[in-house]
Amino acid sequence: MQETEEKYLGKMVRILSNLIRRKIENELNQSGIEITSSQARIISFVYRQSKLRNIYQKDIEEEFDIRRSTVTNTLQLLEKDGYIQRVSVNEDARLKKILLTDKGIEIYEIVRNCITKVEEELNSVYSKDELNDLFFLLDKLYAYLNK
């Protein structure tokens, strides 16, 4: 961004988000995995959280703060590609818990390595104190926008 240009926080956050998304997707593509960063994040979330509890579509909507229709489309693609399966729950036939398939678990390992690599690169830009300050400010902005 040019110094003389008026700066907008929302614009900068969107630009950074797009750049990070592209970087993760490039890492995944270099590993031979053709999934989006959104799909990768969902696979990672399901992997980690399903060890602790049943995961449902609503959990993904809340975790990533994305709309139901977006999650539905993403889950349909992940299911079609064989990464997840949706299984009915005995207590409520309308509910379907989301489980990773063996293929999904294999992909998770690759995804985890790619995301870890990108996160390490991003973190290397800042000192530990700067990172703490940045997260403090981002958390403050999140709390304001989420009220």
# chains A, B, ... in the order shown; residues from 1 in each chain; ligands from 1
$ residues_around --residues "range 62-78 of chain A" --least-positions-apart "2" --cutoff "10 Å" --atoms "only C-alpha atoms" --output "PyMOL selection string"
chain A and resi 35-36+38-43+45+57-60+80-86+98+100+104
$ select_by_dssp --residues "range 10-69 of chain A" --states "helix (DSSP H, G or I)" --output "PyMOL selection string"
chain A and resi 10-30+37-49+57-64+68-69
$ atom_distance --atom1 "CA of Ala93 in chain A" --atom2 "CA of Glu106 in chain A"
28.9 Å
$ closest_residue --among "A:Leu131, A:Ile24, A:Leu99, A:Leu141" --to "Lys51 in chain A" --atoms "only C-alpha atoms"
A:Leu99
$ closest_residue --among "A:Ile115, A:Val87, A:Val13, A:Leu122" --to "Glu25 in chain A" --atoms "only C-alpha atoms"
A:Ile115
$ select_by_dssp --residues "chain A" --states "strand (DSSP E)" --output "PyMOL selection string"
chain A and resi 84-89+92-100
$ atom_distance --atom1 "CA of Lys140 in chain A" --atom2 "CA of Asn113 in chain A"
29.2 Å
$ atom_distance --atom1 "CA of Arg53 in chain A" --atom2 "CA of Thr101 in chain A"
16.4 Å
$ decode --residues "range 55-105 of chain A" --atoms "N, CA and C atoms" --output "short mmCIF file (atom, residue, chain, number, x, y, z; two decimals), in the first residue's frame"
data_model
loop_
_atom_site.label_atom_id
_atom_site.label_comp_id
_atom_site.auth_asym_id
_atom_site.auth_seq_id
_atom_site.Cartn_x
_atom_site.Cartn_y
_atom_site.Cartn_z
N ILE A 55 -19.16 -33.61 16.31
CA ILE A 55 -19.15 -32.35 15.57
C ILE A 55 -20.30 -32.36 14.58
N TYR A 56 -21.04 -31.26 14.59
CA TYR A 56 -22.17 -31.08 13.69
C TYR A 56 -21.94 -29.84 12.84
N GLN A 57 -22.76 -29.69 11.81
CA GLN A 57 -22.62 -28.55 10.92
C GLN A 57 -22.67 -27.24 11.70
N LYS A 58 -23.56 -27.15 12.67
CA LYS A 58 -23.72 -25.93 13.46
C LYS A 58 -22.41 -25.55 14.16
N ASP A 59 -21.65 -26.54 14.61
CA ASP A 59 -20.36 -26.27 15.26
C ASP A 59 -19.39 -25.58 14.30
N ILE A 60 -19.40 -26.01 13.05
CA ILE A 60 -18.53 -25.42 12.04
C ILE A 60 -18.97 -24.00 11.73
N GLU A 61 -20.28 -23.80 11.60
CA GLU A 61 -20.82 -22.46 11.36
C GLU A 61 -20.35 -21.50 12.46
N GLU A 62 -20.45 -21.94 13.71
CA GLU A 62 -20.08 -21.09 14.84
C GLU A 62 -18.58 -20.88 14.94
N GLU A 63 -17.81 -21.94 14.75
CA GLU A 63 -16.35 -21.85 14.89
C GLU A 63 -15.76 -20.86 13.89
N PHE A 64 -16.24 -20.90 12.65
CA PHE A 64 -15.66 -20.07 11.59
C PHE A 64 -16.49 -18.84 11.27
N ASP A 65 -17.61 -18.71 11.96
CA ASP A 65 -18.51 -17.57 11.76
C ASP A 65 -18.87 -17.43 10.27
N ILE A 66 -19.34 -18.54 9.70
CA ILE A 66 -19.77 -18.53 8.30
C ILE A 66 -21.21 -19.02 8.20
N ARG A 67 -21.86 -18.62 7.12
CA ARG A 67 -23.28 -18.91 6.93
C ARG A 67 -23.54 -20.40 6.70
N ARG A 68 -24.75 -20.77 7.06
CA ARG A 68 -25.18 -22.17 6.93
C ARG A 68 -25.03 -22.67 5.50
N SER A 69 -25.45 -21.85 4.53
CA SER A 69 -25.40 -22.28 3.12
C SER A 69 -23.96 -22.51 2.67
N THR A 70 -23.04 -21.68 3.14
CA THR A 70 -21.63 -21.85 2.79
C THR A 70 -21.08 -23.14 3.35
N VAL A 71 -21.41 -23.41 4.63
CA VAL A 71 -20.95 -24.64 5.26
C VAL A 71 -21.56 -25.85 4.57
N THR A 72 -22.85 -25.78 4.24
CA THR A 72 -23.52 -26.89 3.55
C THR A 72 -22.79 -27.21 2.24
N ASN A 73 -22.50 -26.18 1.45
CA ASN A 73 -21.82 -26.40 0.16
C ASN A 73 -20.43 -27.00 0.36
N THR A 74 -19.70 -26.48 1.34
CA THR A 74 -18.34 -26.98 1.59
C THR A 74 -18.38 -28.42 2.06
N LEU A 75 -19.30 -28.74 2.96
CA LEU A 75 -19.40 -30.12 3.46
C LEU A 75 -19.82 -31.08 2.34
N GLN A 76 -20.69 -30.64 1.46
CA GLN A 76 -21.10 -31.48 0.33
C GLN A 76 -19.90 -31.82 -0.55
N LEU A 77 -19.04 -30.83 -0.80
CA LEU A 77 -17.84 -31.06 -1.61
C LEU A 77 -16.87 -32.01 -0.90
N LEU A 78 -16.69 -31.79 0.41
CA LEU A 78 -15.78 -32.65 1.17
C LEU A 78 -16.30 -34.09 1.20
N GLU A 79 -17.61 -34.23 1.29
CA GLU A 79 -18.21 -35.57 1.29
C GLU A 79 -18.06 -36.22 -0.09
N LYS A 80 -18.33 -35.46 -1.13
CA LYS A 80 -18.22 -35.96 -2.51
C LYS A 80 -16.79 -36.42 -2.81
N ASP A 81 -15.81 -35.69 -2.27
CA ASP A 81 -14.40 -36.02 -2.51
C ASP A 81 -13.88 -37.10 -1.57
N GLY A 82 -14.75 -37.56 -0.68
CA GLY A 82 -14.39 -38.68 0.19
C GLY A 82 -13.59 -38.32 1.43
N TYR A 83 -13.59 -37.04 1.83
CA TYR A 83 -12.83 -36.62 3.01
C TYR A 83 -13.63 -36.74 4.31
N ILE A 84 -14.95 -36.60 4.20
CA ILE A 84 -15.81 -36.70 5.39
C ILE A 84 -17.00 -37.60 5.09
N GLN A 85 -17.65 -37.99 6.16
CA GLN A 85 -18.96 -38.64 6.03
C GLN A 85 -19.86 -38.04 7.10
N ARG A 86 -21.14 -37.99 6.79
CA ARG A 86 -22.13 -37.51 7.75
C ARG A 86 -22.94 -38.71 8.21
N VAL A 87 -22.98 -38.89 9.53
CA VAL A 87 -23.60 -40.07 10.12
C VAL A 87 -24.74 -39.63 11.02
N SER A 88 -25.91 -40.29 10.86
CA SER A 88 -27.06 -39.98 11.71
C SER A 88 -26.76 -40.33 13.15
N VAL A 89 -27.37 -39.56 14.04
CA VAL A 89 -27.21 -39.75 15.48
C VAL A 89 -28.46 -40.43 16.02
N ASN A 90 -28.29 -41.40 16.90
CA ASN A 90 -29.43 -42.15 17.46
C ASN A 90 -30.45 -41.25 18.13
N GLU A 91 -29.99 -40.26 18.90
CA GLU A 91 -30.88 -39.41 19.67
C GLU A 91 -31.80 -38.54 18.79
N ASP A 92 -31.31 -38.16 17.61
CA ASP A 92 -32.08 -37.25 16.76
C ASP A 92 -31.69 -37.53 15.30
N ALA A 93 -32.58 -38.16 14.56
CA ALA A 93 -32.28 -38.56 13.18
C ALA A 93 -31.99 -37.37 12.27
N ARG A 94 -32.46 -36.17 12.68
CA ARG A 94 -32.20 -34.98 11.87
C ARG A 94 -30.75 -34.53 11.97
N LEU A 95 -30.11 -34.86 13.09
CA LEU A 95 -28.72 -34.47 13.31
C LEU A 95 -27.78 -35.46 12.64
N LYS A 96 -26.75 -34.92 12.01
CA LYS A 96 -25.73 -35.77 11.41
C LYS A 96 -24.37 -35.30 11.90
N LYS A 97 -23.67 -36.21 12.59
CA LYS A 97 -22.33 -35.85 13.04
C LYS A 97 -21.38 -36.00 11.87
N ILE A 98 -20.35 -35.20 11.90
CA ILE A 98 -19.38 -35.16 10.81
C ILE A 98 -18.12 -35.88 11.25
N LEU A 99 -17.72 -36.86 10.45
CA LEU A 99 -16.53 -37.65 10.74
C LEU A 99 -15.58 -37.61 9.54
N LEU A 100 -14.29 -37.61 9.83
CA LEU A 100 -13.32 -37.73 8.75
C LEU A 100 -13.21 -39.19 8.33
N THR A 101 -13.06 -39.40 7.05
CA THR A 101 -12.78 -40.73 6.53
C THR A 101 -11.28 -40.97 6.67
N ASP A 102 -10.83 -42.17 6.33
CA ASP A 102 -9.38 -42.45 6.33
C ASP A 102 -8.66 -41.48 5.39
N LYS A 103 -9.28 -41.22 4.24
CA LYS A 103 -8.70 -40.28 3.28
C LYS A 103 -8.63 -38.88 3.89
N GLY A 104 -9.66 -38.49 4.64
CA GLY A 104 -9.68 -37.19 5.31
C GLY A 104 -8.59 -37.07 6.36
N ILE A 105 -8.34 -38.16 7.08
CA ILE A 105 -7.28 -38.15 8.10
C ILE A 105 -5.91 -38.01 7.44
#
